[in-house]
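Shown next, in structure tokens, is the structure this report addresses.
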Amino acid sequence: MVKDLTKGKVTSNLLKFSLPLLISVVFQQLYSIADSVIAGRLINKDALSAIGASYPITMIFLAIGTGMNVGCSVVISTLFGAKDFRQMKTAVFTSLISTGVLAAVLTIVGYFTSGLFLNLLGTDESIFANSRTYLNIYVFGLLFLFIYNICTGIFTALGDGNTPLYFLIGSSLGNIALDLLFVAVFKMGVAGTAWATFICQGICSVLAFVVLVRRLSKIESGKFRCFDSRALGKIAALSIPSILQQSFVSVGNLFIQGLVNSCGTDVVAGYASAIKLNTFAVVSFSAVGNSVSTFTAQNLGAGETARVRKGFRAGALLSVGIAALFSLLYVIFRNGLIYLFMDKSHGDTEAAAAAGTHFLNVVAPFYFSVALKITCDSALRGGRRVRAFMVTTFSDLILRVAFAFILKPSYGATGIWLSWPVGWVLSGALSFILYMMFARRLDKSEVKNG
């Protein structure tokens with residue numbers, strides 16, 4: 001079901017639109033979290049470390065897919081808001097075709113460079129083989145991952161947050177079941193967790209594509225082109241900066257992972273647990289941000305500039321509220337949450353758990369800053385202020401990486417953890433300033449048109 005966000009009450013519309021996306025995030029993160037939990041508890045600490053060591057590399061590929069998603073969804077949202085359904089369908093199928101080609105190329109590149117990346121990160125020999133196995137299986141599922149993400153972005157651009165949720169619930173539960181089957185019953189080890197994800201993503205992406213095509217066939221548009229170079233150009237104008245932004249973040253995370261790897265396998269295991277929890281929180285803020293981005297794009301396409309500011313305020317309040325909940329949860333229950341990933345009865349997990357809980361203690365209190373930052377960035381992205389969007393993201397990453405390298409020699413792993421709040425606070429302030437500049441332009445445009 002598509003949803004027009006240019007009409008009706010702003011706050012209630014945004015809340016109703018955001019809720020399915022937030023629930024989707026919960027189930028989407030079950031993919032990643034389930035792999036680590038099952039590996040850490042049913043195999044051993046080294047298996048958890050192996051998946052953790054490969055995590056920032058998998059995030060590079062995911063970043064490229066997410067960047068494509070961003071460009072496609074903004075273009076499609078704008079066309080949908082303007083009721084130009086013929087060009088909208090052209091943009092949809094152009095997005096799907098170009099994404100499929102990109103995924104095929106990256107599959108080949110990823111397979112032949114997985115070992116190189118792990119060596120560059122200084123991955124410990126005791127976990128190297130398992131990390132490489134996990135990565136190789138992961139890259140063969142890139143086509144499924146990319147197509148599913150694009151379909152999700154298109155559903156969201158059309159105001160439909162429910163359909164992706166239904167797929168994620170089924171796929172996530174299936175992934176957990178297969179994880180348990182392959183690891184606990186078939187004893188496939190780390191490879192079993194990777195194959196479980198591969199199979200579930202494959203089924204989910206095919207179903208999402210079929211439903212999307214059927215949904216689009218019900219929208220009256222007349223004849224349209226399945227691929228158009230001009231549409232690709234518009235998508236690329238937004239996707240390439242987003243891909244660079246997302247990839248730059250992932251490359252920065254590689255540097256940080258390299259620093260973490262140098263602290264020993266206990267810190268690697270603790271970080272592998274804590275970073276999954278941290279990612280869970282941050283992508284929850286991003287789900288609200290995606291709602292704000294779609295809301296902004298649709299309303300700008302319809303010329304409803306006043307609704308853009310109201311949508312931002314509603315999104316910011318929702319995101320900061322969610323941040324407060326995560327902060328309290330992670331600080332109060334940090335020990336129990338980290339031990340979800342490890343078997344406490346094993347005598348070798350105490351140091352790893354201490355590293356993970358310390359990370360949460362340092363980082364979680366500052367979630368309000370990154371939540372507000374993501375909301376500002378999302379409004380800029382939906383308003384096609386790509387340069388401003390990239391500046392704020394790069395500043396966050398550069399600060400985090402720089403402070404991690406500066407503080408680590410003196411403070412060890414704690415210095416690395418401190419780089420997160422420093423980057424979030426400083427770049428968050430910059431994001432807010434750039435959003436206010438964007439809002440003033442909307443005010444001037446409204447006065448001029450009025």
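All residue names refer to the structure tokens as shown: chains lettered A, B, ... in order, residues numbered from 1 in each chain, ligands numbered from 1 in order.
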
(message) So that I can check the surroundings of Val363 of chain A, please list as an MDAnalysis selection string every protein, DNA and RNA residue that reaches within 8 Å of it, counting only C-alpha atoms and ignoring chain neighbours fewer than 5 positions away.
(response) chainID A and resid 417:418 420:421

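A straight line drawn from atom CA of Leu337 of chain A to atom CA of Tyr148 of chain A is 29.3 Å long.
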
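Atom pair atom CA of Thr197 of chain A / atom CA of Arg132 of chain A: separated by 15.7 Å.
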
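Across A:Val292, A:Val422, A:Ala353, A:Ser239, the tightest approach to Arg307 of chain A is made by A:Val292 when counting only C-alpha atoms.
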
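Near Val74 of chain A, within 10 Å and counting only C-alpha atoms, sit A:Asn69, A:Leu79, A:Phe80, A:Gly153, A:Ile154, A:Thr156, A:Ala157, A:Lys234, A:Ile235, A:Leu238, A:Ser239, A:Asn290, A:Ser293, A:Thr294, A:Phe295, A:Thr296, A:Ala297, A:Gln298, A:Arg381, A:Gly382, A:Gly383, A:Arg384; same-chain residues fewer than 5 positions away were not included.
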
(message) Need to verify the contact set: Ala82 of chain A, 9 Å, only C-alpha atoms, exclusion of same-chain residues closer than 5 positions in sequence. Can you return it as a list of chain:residue names?
(response) A:Ser77, A:Gln298, A:Asn299, A:Leu300, A:Gly301, A:Ala302, A:Gly303

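Nearest residue to Pro365 of chain A, choosing from A:Leu407, A:Val391, A:Val268, A:Val320 and counting only C-alpha atoms: A:Val320.
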
(request) Find the residue from A:Leu442, A:Ala208, A:Ile374, A:Ala379 that sits nearest to Phe144 of chain A; use only C-alpha atoms when measuring. (result) A:Ala208
